[in-house]
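Peer 1: Just my_file_18.csv, nothing more (CSV, C-alpha atoms):
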chain,number,residue,atom,x,y,z
A,1249,MET,CA,33.3,-159.2,4.8
A,1250,ALA,CA,34.7,-160.7,1.7
A,1251,LEU,CA,31.9,-163.0,0.8
A,1252,LYS,CA,31.2,-163.4,-3.0
A,1253,LYS,CA,27.8,-162.8,-4.6
A,1254,GLY,CA,26.2,-163.6,-7.8
A,1255,MET,CA,25.9,-166.3,-10.5
A,1256,ALA,CA,29.3,-165.2,-11.9
A,1257,ALA,CA,30.7,-166.3,-8.6
A,1258,VAL,CA,28.8,-169.6,-8.9
A,1259,ARG,CA,30.4,-170.3,-12.3
A,1260,GLU,CA,33.8,-169.2,-11.0
A,1261,SER,CA,33.6,-171.7,-8.2
A,1262,LEU,CA,32.4,-174.5,-10.4
A,1263,GLU,CA,35.4,-174.0,-12.6
A,1264,ARG,CA,37.7,-174.3,-9.6
A,1265,ASN,CA,35.9,-177.0,-7.6
A,1266,GLN,CA,34.3,-180.0,-9.2
A,1267,ARG,CA,33.4,-181.9,-6.1
A,1268,PRO,CA,29.8,-183.1,-5.8
A,1269,SER,CA,27.9,-181.3,-3.1
A,1270,GLY,CA,24.6,-181.3,-1.1
A,1271,GLY,CA,23.0,-180.7,2.2
A,1272,SER,CA,22.2,-177.7,4.2
A,1273,ASN,CA,22.5,-176.2,7.7
A,1274,LYS,CA,20.0,-175.0,10.2
A,1275,PHE,CA,20.0,-172.4,13.0
A,1276,GLU,CA,17.4,-171.5,15.6
A,1277,LYS,CA,14.2,-169.5,14.8
A,1278,THR,CA,14.9,-169.3,11.1
A,1279,ASN,CA,13.3,-171.4,8.3
A,1280,TRP,CA,15.6,-173.4,6.1
A,1281,PHE,CA,14.5,-175.1,2.9
A,1282,GLY,CA,15.3,-178.7,2.4
A,1283,TRP,CA,14.0,-181.5,0.2
A,1284,LYS,CA,13.6,-185.2,0.8
A,1285,ALA,CA,14.3,-187.6,-2.1
A,1286,GLY,CA,11.6,-187.2,-4.7
A,1287,GLU,CA,10.0,-184.2,-3.0
A,1288,THR,CA,8.9,-181.0,-4.8
A,1289,LYS,CA,8.8,-177.5,-3.5
A,1290,VAL,CA,7.7,-174.3,-5.3
A,1291,LEU,CA,9.7,-171.2,-4.3
A,1292,ARG,CA,9.7,-167.6,-5.2
A,1293,PHE,CA,13.2,-166.4,-4.8
A,1294,LEU,CA,13.6,-163.1,-3.0
A,1295,THR,CA,17.3,-162.7,-3.8
A,1296,ASP,CA,18.1,-162.3,-7.4
A,1297,ASP,CA,21.2,-163.7,-9.1
A,1298,LYS,CA,23.6,-160.9,-8.0
A,1299,ASP,CA,22.7,-161.3,-4.3
A,1300,ILE,CA,23.3,-165.0,-3.9
A,1301,LEU,CA,26.0,-165.4,-1.3
A,1302,ILE,CA,28.8,-167.8,-2.2
A,1303,VAL,CA,30.5,-168.9,1.0
A,1304,PRO,CA,33.3,-171.3,1.8
A,1305,VAL,CA,32.3,-173.4,4.8
A,1306,HIS,CA,33.6,-176.3,6.9
A,1307,GLU,CA,30.8,-178.7,7.6
A,1308,ASN,CA,30.2,-181.4,10.2
A,1309,VAL,CA,33.0,-180.3,12.4
A,1310,GLU,CA,32.9,-181.6,15.9
A,1311,ASN,CA,32.8,-178.9,18.5
A,1312,HIS,CA,34.3,-179.2,22.0
A,1313,GLN,CA,31.1,-181.0,23.2
A,1314,GLY,CA,31.2,-183.6,20.3
A,1315,GLN,CA,28.4,-181.9,18.4
A,1316,LYS,CA,28.5,-181.4,14.6
A,1317,ARG,CA,28.7,-177.7,13.6
A,1318,THR,CA,29.2,-175.7,10.4
A,1319,PHE,CA,31.7,-172.9,10.3
A,1320,VAL,CA,32.2,-170.2,7.7
A,1321,CYS,CA,35.9,-170.5,6.7
A,1322,ARG,CA,37.9,-167.7,8.3
A,1323,GLN,CA,39.7,-167.1,4.9
A,1324,ALA,CA,36.4,-165.5,3.8
A,1325,PHE,CA,37.5,-162.7,6.1
A,1326,ASP,CA,41.0,-162.6,4.8
A,1327,VAL,CA,42.5,-164.1,7.9
A,1328,ASP,CA,44.1,-167.5,8.7
A,1329,CYS,CA,41.7,-170.3,9.4
A,1330,GLU,CA,42.6,-173.0,12.0
A,1331,LEU,CA,40.2,-175.5,10.4
A,1332,CYS,CA,42.0,-175.1,7.1
A,1333,GLU,CA,45.3,-175.7,8.9
A,1334,ALA,CA,43.8,-178.8,10.4
A,1335,LYS,CA,42.8,-179.9,6.9
A,1336,ALA,CA,39.1,-179.9,7.7
A,1337,TYR,CA,36.9,-180.5,4.7
A,1338,ARG,CA,35.8,-177.3,3.0
A,1339,ARG,CA,33.5,-176.5,0.2
A,1340,GLU,CA,31.5,-173.5,-1.2
A,1341,ILE,CA,27.8,-173.2,-0.5
A,1342,GLY,CA,25.3,-170.8,-2.2
A,1343,TYR,CA,22.9,-169.0,0.2
A,1344,GLY,CA,19.7,-167.3,-1.0
A,1345,LEU,CA,16.4,-166.2,0.4
A,1346,ALA,CA,13.0,-167.4,-0.8
A,1347,VAL,CA,9.3,-167.7,0.1
A,1348,LEU,CA,7.5,-171.0,0.0
A,1349,ARG,CA,4.5,-171.1,-2.4
A,1350,GLU,CA,1.5,-173.3,-2.3
A,1351,PRO,CA,-1.2,-174.2,-4.9
A,1352,VAL,CA,-4.5,-172.4,-5.2
A,1353,TYR,CA,-7.5,-174.6,-6.2
A,1354,GLU,CA,-10.9,-173.6,-7.6
A,1355,GLU,CA,-13.9,-175.5,-8.7
A,1356,VAL,CA,-14.0,-175.7,-12.5
A,1357,ASP,CA,-16.8,-177.7,-14.1
A,1358,ASP,CA,-17.4,-179.5,-10.8
A,1359,GLN,CA,-13.8,-180.4,-10.6
A,1360,LYS,CA,-11.1,-179.1,-8.3
A,1361,LYS,CA,-8.4,-177.6,-10.4
A,1362,MET,CA,-5.2,-175.8,-9.5
A,1363,VAL,CA,-5.2,-172.3,-10.9
A,1364,SER,CA,-2.2,-170.6,-9.4
A,1365,TYR,CA,0.2,-170.3,-6.4
A,1366,LYS,CA,0.2,-168.1,-3.4
A,1367,ASP,CA,2.4,-167.7,-0.3
A,1368,ALA,CA,2.5,-170.5,2.2
A,1369,THR,CA,2.1,-169.0,5.7
A,1370,GLU,CA,2.9,-169.8,9.3
A,1371,THR,CA,1.6,-168.4,12.5
A,1372,TYR,CA,3.6,-166.8,15.3
A,1373,GLU,CA,2.9,-165.2,18.7
A,1374,THR,CA,3.7,-161.6,19.6
A,1375,GLU,CA,2.9,-159.1,22.3
A,1376,VAL,CA,0.4,-156.3,21.5
A,1377,ASP,CA,-0.6,-153.9,24.2
A,1378,GLY,CA,0.6,-156.4,26.8
A,1379,LYS,CA,-1.4,-159.2,25.4
A,1380,THR,CA,-0.2,-162.3,23.4
A,1381,VAL,CA,-1.8,-162.4,20.0
A,1382,THR,CA,-1.3,-164.8,17.1
A,1383,LYS,CA,-0.4,-163.4,13.7
A,1384,LYS,CA,0.4,-164.8,10.3
A,1385,ARG,CA,3.5,-164.3,8.2
A,1386,PRO,CA,4.8,-165.7,4.9
A,1387,TYR,CA,7.0,-168.8,5.1
A,1388,VAL,CA,10.2,-167.1,4.2
A,1389,GLY,CA,13.5,-168.9,4.7
A,1390,ILE,CA,17.0,-169.6,3.5
A,1391,VAL,CA,18.1,-171.9,0.6
A,1392,SER,CA,21.5,-173.3,1.5
A,1393,GLN,CA,22.7,-175.7,-1.3
A,1394,GLY,CA,25.7,-176.8,-3.2
A,1395,LEU,CA,26.8,-175.1,-6.4
A,1396,ARG,CA,27.1,-178.1,-8.7
A,1397,ASN,CA,23.9,-179.9,-8.1
A,1398,PHE,CA,21.6,-177.0,-7.2
A,1399,TRP,CA,22.7,-173.4,-8.1
A,1400,SER,CA,24.2,-174.3,-11.5
A,1401,ASN,CA,20.7,-175.3,-12.6
A,1402,ILE,CA,19.1,-172.2,-11.1
A,1403,ALA,CA,21.7,-170.1,-12.9
A,1404,LEU,CA,20.3,-171.5,-16.2
A,1405,ILE,CA,16.9,-170.1,-15.4
A,1406,ASN,CA,18.4,-166.7,-14.5
A,1407,GLU,CA,20.3,-166.6,-17.8
A,1408,LYS,CA,17.2,-167.4,-19.8
A,1409,TYR,CA,14.8,-165.0,-18.1
A,1410,GLY,CA,17.1,-162.4,-16.6
A,1411,SER,CA,15.7,-162.7,-13.1
A,1412,LEU,CA,14.8,-165.2,-10.4
A,1413,LYS,CA,12.2,-162.9,-8.7
A,1414,ASP,CA,9.5,-162.6,-11.4
A,1415,ARG,CA,8.2,-166.1,-11.5
A,1416,ASP,CA,7.7,-169.2,-9.2
A,1417,ILE,CA,10.2,-172.0,-9.6
A,1418,GLU,CA,9.2,-175.6,-9.0
A,1419,ILE,CA,12.2,-177.6,-7.7
A,1420,VAL,CA,12.3,-181.4,-7.6
A,1421,ARG,CA,14.9,-183.4,-5.8
A,1422,GLN,CA,16.1,-186.5,-7.5
A,1423,GLY,CA,18.2,-189.1,-5.8
A,1424,ALA,CA,20.0,-189.1,-2.5
A,1425,GLY,CA,23.5,-188.8,-1.1
A,1426,VAL,CA,26.2,-188.0,-3.6
A,1427,ASP,CA,23.8,-188.7,-6.4
A,1428,THR,CA,21.3,-186.0,-5.4
A,1429,GLN,CA,20.3,-183.6,-8.2
A,1430,TYR,CA,17.8,-180.7,-8.1
A,1431,MET,CA,15.7,-180.1,-11.2
A,1432,PRO,CA,14.1,-176.6,-11.4
A,1433,PHE,CA,11.2,-175.8,-13.6
A,1434,ALA,CA,10.5,-172.1,-14.3
A,1435,LEU,CA,6.7,-171.4,-14.2
A,1436,ASP,CA,5.0,-168.6,-16.2
A,1437,LYS,CA,6.0,-165.1,-15.3
A,1438,LYS,CA,3.8,-163.7,-12.6
A,1439,GLU,CA,5.3,-160.7,-10.9
A,1440,ILE,CA,4.5,-159.9,-7.2
A,1441,GLU,CA,3.9,-156.3,-6.8
A,1442,ASN,CA,6.4,-154.5,-4.6
A,1443,ILE,CA,8.1,-157.8,-3.9
A,1444,ASP,CA,11.1,-156.3,-2.0
A,1445,ALA,CA,9.1,-154.1,0.4
A,1446,ARG,CA,6.4,-156.9,0.8
A,1447,TYR,CA,8.8,-159.4,2.3
A,1448,ALA,CA,11.4,-157.1,3.9
A,1449,PRO,CA,10.0,-157.4,7.5
A,1450,PHE,CA,10.3,-161.2,7.3
A,1451,LEU,CA,13.7,-161.7,5.9
A,1452,PRO,CA,16.3,-163.6,8.1
A,1453,LYS,CA,19.5,-161.7,8.8
A,1454,LEU,CA,21.5,-164.0,6.6
A,1455,GLU,CA,24.8,-162.1,6.3
A,1456,GLU,CA,24.7,-161.4,10.1
A,1457,PHE,CA,24.4,-165.1,10.7
A,1458,LEU,CA,27.2,-166.1,8.4
A,1459,THR,CA,29.4,-163.5,9.9
A,1460,ARG,CA,28.7,-164.8,13.3
A,1461,ILE,CA,29.6,-168.5,12.5
A,1462,GLY,CA,32.8,-167.3,10.8
A,1463,SER,CA,33.9,-165.1,13.7
A,1464,GLU,CA,36.9,-165.7,16.0
A,1465,GLU,CA,34.5,-165.7,18.9
A,1466,TYR,CA,32.4,-168.4,17.4
A,1467,TYR,CA,35.5,-170.5,16.6
A,1468,GLN,CA,36.8,-170.1,20.1
A,1469,ALA,CA,33.5,-170.9,21.7
A,1470,GLN,CA,32.6,-173.9,19.6
A,1471,ILE,CA,36.0,-175.5,19.1
A,1472,HIS,CA,37.8,-174.6,22.3
A,1473,GLY,CA,34.9,-173.9,24.7
A,1474,VAL,CA,36.2,-170.4,25.4
A,1475,THR,CA,33.5,-167.7,25.8
A,1476,LYS,CA,33.5,-164.2,26.9
A,1477,GLU,CA,31.3,-163.3,29.9
A,1478,LYS,CA,28.0,-161.8,28.8
A,1479,ALA,CA,27.4,-158.4,30.2
A,1480,GLN,CA,23.7,-158.7,29.7
A,1481,THR,CA,21.1,-161.1,28.5
A,1482,SER,CA,20.8,-161.5,24.8
A,1483,THR,CA,17.8,-160.0,23.1
A,1484,SER,CA,18.4,-161.3,19.6
A,1485,THR,CA,15.0,-162.9,19.1
A,1486,GLU,CA,13.6,-161.8,15.8
A,1487,THR,CA,10.3,-159.9,15.8
A,1488,PHE,CA,7.9,-159.2,13.0
A,1489,GLU,CA,6.0,-156.0,13.6
A,1490,ASP,CA,4.0,-155.8,10.4
A,1491,GLU,CA,0.8,-157.6,9.8
A,1492,TYR,CA,0.9,-159.9,6.8
A,1493,GLU,CA,-2.0,-160.3,4.4
A,1494,ASP,CA,-2.5,-162.9,1.6
A,1495,ASP,CA,-1.7,-161.7,-1.9
A,1496,ASP,CA,-4.2,-161.8,-4.7
A,1497,TYR,CA,-3.1,-164.6,-6.9
A,1498,LEU,CA,-2.9,-164.5,-10.7
A,1499,ASP,CA,-4.6,-167.2,-12.6
A,1500,PHE,CA,-3.0,-169.5,-15.1
A,1501,ASN,CA,-4.8,-172.5,-16.4
A,1502,GLU,CA,-2.1,-175.0,-17.3
A,1503,GLU,CA,-0.3,-177.8,-15.6
A,1504,THR,CA,3.3,-177.4,-14.4
A,1505,GLU,CA,6.4,-178.5,-16.3
A,1506,ALA,CA,7.0,-181.1,-13.6
A,1507,ASP,CA,3.5,-182.5,-14.1
A,1508,ARG,CA,4.1,-182.8,-17.8
A,1509,LEU,CA,7.4,-184.5,-17.2
A,1510,ARG,CA,5.9,-187.0,-14.9
A,1511,LYS,CA,3.2,-187.9,-17.5
A,1512,LYS,CA,5.8,-188.3,-20.1
A,1513,LEU,CA,7.9,-190.6,-18.0
A,1514,ASN,CA,4.7,-192.6,-17.2
A,1515,GLY,CA,3.9,-192.9,-20.8
A,1516,ASN,CA,0.7,-190.8,-20.6
So that I can check it, write out the structure of this file as structure tokens.

Peer 2:
Amino acid sequence: MALKKGMAAVRESLERNQRPSGGSNKFEKTNWFGWKAGETKVLRFLTDDKDILIVPVHENVENHQGQKRTFVCRQAFDVDCELCEAKAYRREIGYGLAVLREPVYEEVDDQKKMVSYKDATETYETEVDGKTVTKKRPYVGIVSQGLRNFWSNIALINEKYGSLKDRDIEIVRQGAGVDTQYMPFALDKKEIENIDARYAPFLPKLEEFLTRIGSEEYYQAQIHGVTKEKAQTSTSTETFEDEYEDDDYLDFNEETEADRLRKKLNGN
């Protein structure tokens, strides 16, 4: 697979393609991070700069049933692409993995004060010894965003600190449509111990997914309605075997950069 990785690829693409970008895609049973206008999310990136996937895609293409679909351009696999031949709109998207973080509050001098961040979690059901049990896992998902209005700003943080994985990043969406911009604010360095092993059981199979939606089989099925007969029922549902436990958070007693910016804009 000839997909490009890394912030160097982001910069290379920005030099080639100056079109504004935005939006993201979703697929079943996997979390995708999106922002509404004015919304803020705090993420801990789980893919560092060199592992960001830069992928040419055709978005909002009608399939044979009239539904909008996204396709990885077949040229990413060094073969001819029928959507390129049909002059379907194409742009490059950056894909990375992250875990959602949420604030931790404590009572300080009879006042509720935010002191740190920890993993946001979600519950899921699984079978244990023939019984259905509810477990908890970190809210890990895919960041799928444009290079110009999202990843170029994230690249500045990576260039300054040398990593995206050693601190939480607060990301604010400003505007909507073609005017959308994402403003990231790097928080204090707070490393998560054994970060790669900690989240490994919960990571979506991103490259597998992108390969699938760029495959000849996917193109034939979605565009032309031609599918191969299935020999057996698919068993591709993701499972998470390991129990997840909350992390011990690290204290920091200061407001975030976004909070300070809001106060400045409000004249406080």

Peer 1: Counting only C-alpha atoms, what is within 7 Å of segment 1277-1288 of chain A, bar same-chain residues fewer than 5 positions away, as a PyMOL selection string?

Peer 2: chain A and resi 1388-1391+1418-1424+1452

Peer 1: Considering only C-alpha atoms, return as a VMD selection string whatever protein or nucleic-acid residues lie within 12 Å of Asn1442 of chain A, sequence-local ones (same chain, fewer than 5 positions apart) excluded.

Peer 2: chain A and resid 1294 1413 to 1414 1447 to 1448 1495

Peer 1: In Å, with one decimal, what is the gap from atom CA of Ile1471 of chain A to atom CA of Gln1313 of chain A?

Peer 2: 8.4 Å

Peer 1: Quick one: everything within 10 Å of Tyr1337 of chain A, counting all atoms listed in the file, minus sequence neighbours fewer than 2 positions away in the same chain. Send it as an MDAnalysis selection string.

Peer 2: chainID A and resid 1305:1309 1331:1332 1334:1335 1339

Peer 1: I need the residue nearest Pro1304 of chain A from this list: A:Ala1445, A:Ile1461, A:Leu1345, A:Val1381. Use all atoms listed in the file for the distance.

Peer 2: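 Of the candidates, the smallest distance to Pro1304 of chain A is held by A:Ile1461.
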
Peer 1: What separation in Å, quoted to one decimal, exists between atom CA of Cys1329 of chain A and atom CA of Tyr1467 of chain A?

Peer 2: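 Pair atom CA of Cys1329 of chain A / atom CA of Tyr1467 of chain A returns 9.5 Å.
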
Peer 1: Ranking A:Thr1459, A:Arg1349, A:Asp1416, A:Leu1454 by minimum distance to Glu1439 of chain A and counting only C-alpha atoms, which one comes first?

Peer 2: A:Asp1416

Peer 1: Just the number, please: distance in Å from atom CA of Arg1385 of chain A to atom CA of Tyr1372 of chain A, one decimal.

Peer 2: 7.5 Å

Peer 1: Using all atoms listed in the file, can you tell me which of A:Pro1432, A:Gly1462, A:Pro1386, A:Gly1425 comes closest to Glu1330 of chain A?

Peer 2: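 Of all the options, A:Gly1462 lies closest to Glu1330 of chain A.
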
Peer 1: Would you mind listing what lies within 12 Å of Ala1368 of chain A as an MDAnalysis selection string, with only C-alpha atoms counted and same-chain residues fewer than 6 positions away left out?

Peer 2: chainID A and resid 1289:1292 1346:1352 1384:1389 1492:1495

Peer 1: Using all atoms listed in the file, find the one residue out of A:Ala1469, A:Leu1435, A:Leu1458, A:Val1327 that sits nearest to Val1303 of chain A.

Peer 2: A:Leu1458

Peer 1: Using all atoms listed in the file, determine which residues lie at most 10 Å from Tyr1409 of chain A, disregarding the query and same-chain residues fewer than 5 positions distant; provide the list as a PyMOL selection string.

Peer 2: chain A and resi 1404+1414-1415+1434+1437

Peer 1: Go ahead and write the selection's residues with C-alpha atoms as a PDB file, in the coordinates of the input.

Peer 2:
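That gives us result.pdb:
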ATOM      1  CA  LEU A1404      20.300-171.500 -16.200  1.00  0.00           C
ATOM      2  CA  ASP A1414       9.500-162.600 -11.400  1.00  0.00           C
ATOM      3  CA  ARG A1415       8.200-166.100 -11.500  1.00  0.00           C
ATOM      4  CA  ALA A1434      10.500-172.100 -14.300  1.00  0.00           C
ATOM      5  CA  LYS A1437       6.000-165.100 -15.300  1.00  0.00           C
TER       6      LYS A1437
END

Peer 1: What would segment 1376-1467 of chain A look like if you wrote it out as a short mmCIF file (atom, residue, chain, number, x, y, z; two decimals), in the first residue's frame, with C-alpha atoms included, from the block I just posted?

Peer 2:
data_model
loop_
_atom_site.label_atom_id
_atom_site.label_comp_id
_atom_site.auth_asym_id
_atom_site.auth_seq_id
_atom_site.Cartn_x
_atom_site.Cartn_y
_atom_site.Cartn_z
CA VAL A 1376 -17.52 -13.99 29.39
CA ASP A 1377 -18.07 -17.67 30.25
CA GLY A 1378 -21.28 -17.65 28.24
CA LYS A 1379 -22.65 -14.58 29.99
CA THR A 1380 -23.05 -11.04 28.67
CA VAL A 1381 -21.14 -8.57 30.81
CA THR A 1382 -20.64 -4.84 30.56
CA LYS A 1383 -17.10 -3.50 30.48
CA LYS A 1384 -15.44 -0.15 30.07
CA ARG A 1385 -12.90 1.01 27.51
CA PRO A 1386 -11.26 4.34 26.66
CA TYR A 1387 -12.95 6.42 24.00
CA VAL A 1388 -10.39 5.85 21.27
CA GLY A 1389 -11.17 6.94 17.74
CA ILE A 1390 -9.99 8.26 14.40
CA VAL A 1391 -9.23 11.88 13.57
CA SER A 1392 -10.00 12.42 9.89
CA GLN A 1393 -9.39 16.01 8.86
CA GLY A 1394 -8.08 18.25 6.13
CA LEU A 1395 -4.41 19.16 5.88
CA ARG A 1396 -4.75 22.90 5.49
CA ASN A 1397 -7.16 23.80 8.29
CA PHE A 1398 -6.32 21.05 10.82
CA TRP A 1399 -3.10 19.08 10.43
CA SER A 1400 -0.96 22.06 9.47
CA ASN A 1401 -1.67 23.56 12.91
CA ILE A 1402 -1.05 20.24 14.65
CA ALA A 1403 2.27 20.06 12.78
CA LEU A 1404 3.38 23.27 14.50
CA ILE A 1405 2.91 21.63 17.91
CA ASN A 1406 4.90 18.62 16.80
CA GLU A 1407 7.71 20.84 15.51
CA LYS A 1408 7.84 22.77 18.79
CA TYR A 1409 7.75 19.86 21.23
CA GLY A 1410 9.01 16.95 19.12
CA SER A 1411 6.01 14.70 19.81
CA LEU A 1412 2.22 14.63 19.78
CA LYS A 1413 1.94 11.85 22.37
CA ASP A 1414 3.45 13.40 25.49
CA ARG A 1415 0.76 16.00 26.21
CA ASP A 1416 -2.97 16.61 25.82
CA ILE A 1417 -4.00 18.98 23.05
CA GLU A 1418 -7.08 21.16 23.33
CA ILE A 1419 -8.64 21.73 19.91
CA VAL A 1420 -11.24 24.42 19.25
CA ARG A 1421 -13.26 24.61 16.05
CA GLN A 1422 -13.88 28.08 14.72
CA GLY A 1423 -16.34 28.80 11.92
CA ALA A 1424 -18.22 26.50 9.58
CA GLY A 1425 -18.16 25.39 5.96
CA VAL A 1426 -15.20 26.59 3.91
CA ASP A 1427 -14.31 29.04 6.72
CA THR A 1428 -13.73 26.30 9.30
CA GLN A 1429 -10.44 26.44 11.18
CA TYR A 1430 -9.18 24.31 14.05
CA MET A 1431 -7.11 25.99 16.76
CA PRO A 1432 -4.98 23.57 18.82
CA PHE A 1433 -3.51 24.50 22.20
CA ALA A 1434 -0.79 22.27 23.61
CA LEU A 1435 -1.21 21.69 27.35
CA ASP A 1436 1.59 20.97 29.82
CA LYS A 1437 3.67 17.86 29.22
CA LYS A 1438 2.13 14.95 31.13
CA GLU A 1439 3.30 11.62 29.78
CA ILE A 1440 1.08 8.54 30.02
CA GLU A 1441 3.09 5.53 31.13
CA ASN A 1442 3.39 2.76 28.52
CA ILE A 1443 1.07 4.70 26.22
CA ASP A 1444 1.45 2.37 23.22
CA ALA A 1445 0.75 -0.85 25.12
CA ARG A 1446 -2.01 0.77 27.19
CA TYR A 1447 -4.22 1.60 24.21
CA ALA A 1448 -3.16 -1.13 21.78
CA PRO A 1449 -6.20 -3.39 22.45
CA PHE A 1450 -8.58 -0.55 21.60
CA LEU A 1451 -7.10 0.88 18.41
CA PRO A 1452 -9.28 0.75 15.27
CA LYS A 1453 -7.77 -1.07 12.30
CA LEU A 1454 -7.32 2.15 10.35
CA GLU A 1455 -5.05 0.97 7.55
CA GLU A 1456 -7.21 -2.11 7.05
CA PHE A 1457 -10.29 0.11 6.69
CA LEU A 1458 -8.61 2.50 4.25
CA THR A 1459 -7.34 -0.42 2.20
CA ARG A 1460 -10.86 -1.83 2.03
CA ILE A 1461 -12.52 1.38 0.81
CA GLY A 1462 -9.82 1.71 -1.84
CA SER A 1463 -10.06 -1.87 -3.07
CA GLU A 1464 -11.33 -2.94 -6.48
CA GLU A 1465 -13.97 -5.04 -4.72
CA TYR A 1466 -15.28 -1.99 -2.84
CA TYR A 1467 -15.40 0.11 -6.02
#
